[in-house]
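A short write-up of the structure that comes next.
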Amino acid sequence: MPITIEHLTHTYGEDTTLAVKALDDITLTIPDGQFVGIIGHTGSGKSTLVQHLNGLLKGSSGHIIFDGQDIYAKDYSLKELRRKVGLVFQYPEHQLFEIDVFSDVCFGPKNLGLSEAEIKERATAALEAVSMPKELYNQSPFDLSGGQKRRAAIAGVLAMNPKVLILDEPTAGLDPQGRQEILDLIKKLQTESKMTILLVSHSMEDVAEYVDRILVMNHGRVAFDGTPKEVFAHYKELEEMGLACPQVTYVMHDLKERGLPVDVSATTVEEAKQSILHALSLA
Amino acid sequence: MLKDITIGQYYQAQSLIHRLDPRVKIGGTLLYVITLFFYKNFIGYGLAILFLALVIRLSKVPFKFMVKGMKSILFLLMITVLFNLFLTPGTPVVTFWKLKITQEGTELAVSMALRLSLLVIGSSLMTLTTTPNNLTDGMEKMMGFLKIFKVPVHEVAMMMSIALRFIPILMEETDKIMKAQMARGADFESGNLIARAKAMVPLLVPLFVSAFRRANDLAMAMEARCYRGGEGRTKMKPLKYHKRDFLAYFLLLFFVVASIWAGRLKLPMLMVGVA
């Protein structure tokens, strides 16, 4: 179910003195099964963009075509769209409300009007997908640790069985281990269930390893769009936008400047290591 | 939907009204509201409308914002008008079935509707042109005399400013949680009353949790900066009267006296009454 965005513009506070153009003529296509990282500085419009994709925000102008249908068409069911496009908000644990983890994850499927048995089945599957320990199913969600809460909240969205999963800063405020766990979980979801995944982040480091494609947002526009290697080649411009490339990019550029013939487009530590070893063996 | 609430909202602009001392605006609003209750004829209301229009013009706040504020009391307004229209005894004008519209009822309904609208627009103009901080500063200063009676004026003012300050934050939070639950298929807009009340649970529980968390954090942050109440606390920007403030007081007083005098002349409320 490919998503096509055509000339999408969104202005906050349109009739006030504080009108802000959050999105400015965005046009792009996201094919099935792609793992896309959306990167941008605070206020660059990345969160606004993803909230359009499941119809929570409506663009001031422009169109979004999901699976061949215009979601702004009169008879289009936004409820149906929200079932297919799961959105995990920033700090999703703030949306937990039920008395125990299991019922909270059931909330989504319950809203879809499924049978009792199916609801339970989906909730169990979702909790297993985020590797939530069984003994926590009946705990109050407020008693869990930060990382566990977040995984419970992600399970709540996964239980809707979305075809497209959007995660807005899923690693914000987590310790390095929690971060790794969440990112590995997302990668697993993409490879195993073939979901299209959009990962919003302000950290290049987070996404470089995992995604197929990076969209860099700046002042409500798409500044760069390409594979991590292509995007990181613009590391000077990215820096001007207040974004940092992965540290290996800097190391590799520095090494090259000092005369070591390494491949500057390496994006992960592993790639960098191979390239450096190779360059050294040549010397 | 939540963006429609304008009560307690501040509209950023550069205007004479914005620059006035908050004490003038609070006192002025209070006087204006009291004045509204003295009118007995249409001239009084006419003058009040004129005065309000002038102040709105000076404040540079678009009229749209006033209308938005009215939306929230529309229901109350309708009930008031209907009750007064049908339940006031007097000389009937129109009768159908068991319902009578009386001359007195019409007059009362019109004056009530005018009074309520002018009241809401006037007071929302105050909050639209005064930052919450300024507002509570003004209040604190004006209520200072209560300290003699051991009323914790500063504490009350601080609580108020915190409460006001949190309105937009909580609204944003509500919006966010609503969106998050809608992304999970929650439906806040359809169904009967019970279904809708039930639908609020996934919204209210996280909202309360986050309000408590924020309150806790704020208390901690204030204590970390040695906040210990009003005793001996100084202000970075103490309130001071300027020339324009005295002028505003004078004009206001003039308006109050003139409109009450005119508003109590023995004239009918409605022109139709004359015929």
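Residue numbering restarts at 1 in every chain; chains get A, B, ... in the order shown in the structure tokens, and ligands count up from 1 in that same order.
Residues in contact with range 184-196 of chain A at up to 9 Å, not including ones fewer than 3 positions away on its chain and judged by only C-alpha atoms, are Met1, Pro2, Ile30, Pro31, Asp32, Gly33, Gln34, Phe35, Val36, Ala129, Val130, Ser131, Pro162, Lys163, Val164, Leu165, Ile166, Arg179, Gln180, Glu181, Leu199, Tyr210 and Val211 of chain A.
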Residues of chain B within 10 Å of chain A, counting only C-alpha atoms, as a VMD selection string: chain B and resid 3 11 to 13 61 to 62 64 to 65 173 176 to 187 201 to 207 209 to 210
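Counting only C-alpha atoms, the residue from B:Leu116, B:Glu172, B:Met139, B:Asn134 that sits nearest to Ser72 in chain B is B:Leu116.
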Shell of 10 Å around range 245-248 of chain B, only C-alpha atoms, local chain residues under 4 positions omitted, as a ChimeraX atom specification: /B:16-17,19-25,28,240-241,252-254
Residues within 9 Å of Ser111 in chain B, only C-alpha atoms, excluding chain neighbours under 5 positions, as a ChimeraX atom specification: /B:39-42,45,106,116,269
Residue selection dump (N, CA, C and O atoms) as a short mmCIF file (atom, residue, chain, number, x, y, z; two decimals), in the first residue's frame:
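Okay, this is what ended up in again12.cif:
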```cif
data_model
loop_
_atom_site.label_atom_id
_atom_site.label_comp_id
_atom_site.auth_asym_id
_atom_site.auth_seq_id
_atom_site.Cartn_x
_atom_site.Cartn_y
_atom_site.Cartn_z
N TYR B 39 -28.24 48.98 33.54
CA TYR B 39 -28.98 49.52 32.41
C TYR B 39 -30.44 49.11 32.44
O TYR B 39 -30.78 47.96 32.73
N LYS B 40 -31.29 50.04 32.11
CA LYS B 40 -32.71 49.72 32.05
C LYS B 40 -33.27 49.98 30.66
O LYS B 40 -34.43 49.68 30.38
N ASN B 41 -32.52 50.61 29.77
CA ASN B 41 -33.03 50.88 28.43
C ASN B 41 -31.96 50.63 27.37
O ASN B 41 -30.80 50.32 27.70
N PHE B 42 -32.37 50.72 26.13
CA PHE B 42 -31.45 50.34 25.04
C PHE B 42 -30.27 51.29 24.89
O PHE B 42 -29.23 50.93 24.36
N TYR B 45 -27.23 49.95 26.79
CA TYR B 45 -26.58 48.85 26.07
C TYR B 45 -25.88 49.36 24.82
O TYR B 45 -24.79 48.91 24.48
N THR B 106 -39.95 39.47 26.28
CA THR B 106 -39.07 39.83 25.17
C THR B 106 -38.00 40.81 25.62
O THR B 106 -36.82 40.66 25.31
N LEU B 116 -25.25 39.17 28.83
CA LEU B 116 -24.35 38.01 28.85
C LEU B 116 -23.25 38.13 27.79
O LEU B 116 -22.07 37.91 28.07
N MET B 269 -37.10 49.48 26.81
CA MET B 269 -35.97 48.64 26.43
C MET B 269 -35.95 48.43 24.92
O MET B 269 -34.92 48.47 24.29
#
```
Residue list (strand (DSSP E or B), DSSP) for range 66-282 of chain A, as a VMD selection string: chain A and resid 66 69 to 70 85 to 88 164 to 168 196 to 201 213 to 218 221 to 226
For Leu49 in chain A: contacts at 9 Å, only C-alpha atoms, fewer than 3 positions along chain excluded, given as a list of chain:residue names: A:Leu8, A:His10, A:Ala22, A:Leu23, A:Ile26, A:Gly45, A:Lys46, A:His52, A:Leu53, A:Leu57, A:Gly220
Atoms to include: N, CA, C and O atoms. Write the selected residues as a PDB file, in the first residue's frame.
```pdb
ATOM      1  N   LEU A   8       1.838  18.782  -0.325  1.00  0.00           N
ATOM      2  CA  LEU A   8       1.186  18.945   0.976  1.00  0.00           C
ATOM      3  C   LEU A   8       1.749  20.159   1.716  1.00  0.00           C
ATOM      4  O   LEU A   8       2.964  20.315   1.849  1.00  0.00           O
ATOM      5  N   HIS A  10       0.983  22.559   5.319  1.00  0.00           N
ATOM      6  CA  HIS A  10       0.195  22.700   6.543  1.00  0.00           C
ATOM      7  C   HIS A  10       0.644  23.944   7.300  1.00  0.00           C
ATOM      8  O   HIS A  10       1.825  24.145   7.528  1.00  0.00           O
ATOM      9  N   ALA A  22       4.254  24.827   8.841  1.00  0.00           N
ATOM     10  CA  ALA A  22       4.984  23.671   9.341  1.00  0.00           C
ATOM     11  C   ALA A  22       5.403  22.748   8.210  1.00  0.00           C
ATOM     12  O   ALA A  22       6.437  22.097   8.282  1.00  0.00           O
ATOM     13  N   LEU A  23       4.578  22.689   7.173  1.00  0.00           N
ATOM     14  CA  LEU A  23       4.935  21.893   6.004  1.00  0.00           C
ATOM     15  C   LEU A  23       4.775  22.775   4.781  1.00  0.00           C
ATOM     16  O   LEU A  23       3.805  23.518   4.672  1.00  0.00           O
ATOM     17  N   ILE A  26       5.213  19.607   0.225  1.00  0.00           N
ATOM     18  CA  ILE A  26       5.926  18.332   0.299  1.00  0.00           C
ATOM     19  C   ILE A  26       5.386  17.385  -0.763  1.00  0.00           C
ATOM     20  O   ILE A  26       4.167  17.201  -0.859  1.00  0.00           O
ATOM     21  N   GLY A  45       9.156  20.038  11.184  1.00  0.00           N
ATOM     22  CA  GLY A  45       7.918  19.590  10.551  1.00  0.00           C
ATOM     23  C   GLY A  45       7.790  18.081  10.447  1.00  0.00           C
ATOM     24  O   GLY A  45       6.828  17.597   9.870  1.00  0.00           O
ATOM     25  N   LYS A  46       8.744  17.352  11.014  1.00  0.00           N
ATOM     26  CA  LYS A  46       8.684  15.897  10.855  1.00  0.00           C
ATOM     27  C   LYS A  46       7.488  15.263  11.564  1.00  0.00           C
ATOM     28  O   LYS A  46       6.797  14.431  10.991  1.00  0.00           O
ATOM     29  N   HIS A  52      -0.108  13.629   9.355  1.00  0.00           N
ATOM     30  CA  HIS A  52      -0.990  13.732   8.189  1.00  0.00           C
ATOM     31  C   HIS A  52      -1.261  12.358   7.596  1.00  0.00           C
ATOM     32  O   HIS A  52      -2.279  12.131   6.991  1.00  0.00           O
ATOM     33  N   LEU A  53      -0.280  11.455   7.772  1.00  0.00           N
ATOM     34  CA  LEU A  53      -0.355  10.187   7.058  1.00  0.00           C
ATOM     35  C   LEU A  53      -1.481   9.291   7.554  1.00  0.00           C
ATOM     36  O   LEU A  53      -1.923   8.403   6.849  1.00  0.00           O
ATOM     37  N   LEU A  57      -4.142  15.045  11.192  1.00  0.00           N
ATOM     38  CA  LEU A  57      -4.100  16.441  10.776  1.00  0.00           C
ATOM     39  C   LEU A  57      -4.487  16.485   9.305  1.00  0.00           C
ATOM     40  O   LEU A  57      -4.216  15.555   8.559  1.00  0.00           O
ATOM     41  N   GLY A 220      10.182  22.713   7.201  1.00  0.00           N
ATOM     42  CA  GLY A 220       8.963  22.277   6.550  1.00  0.00           C
ATOM     43  C   GLY A 220       9.133  21.760   5.134  1.00  0.00           C
ATOM     44  O   GLY A 220       8.163  21.515   4.441  1.00  0.00           O
TER      45      GLY A 220
END
```
Test item, helix (DSSP H, G or I) assignment across range 82-283 of chain A, answer as number ranges by chain: A: 82-84, 92-95, 101-111, 116-129, 134-136, 141-143, 146-158, 176-193, 204-208, 228-232, 235-240, 247-257, 269-282
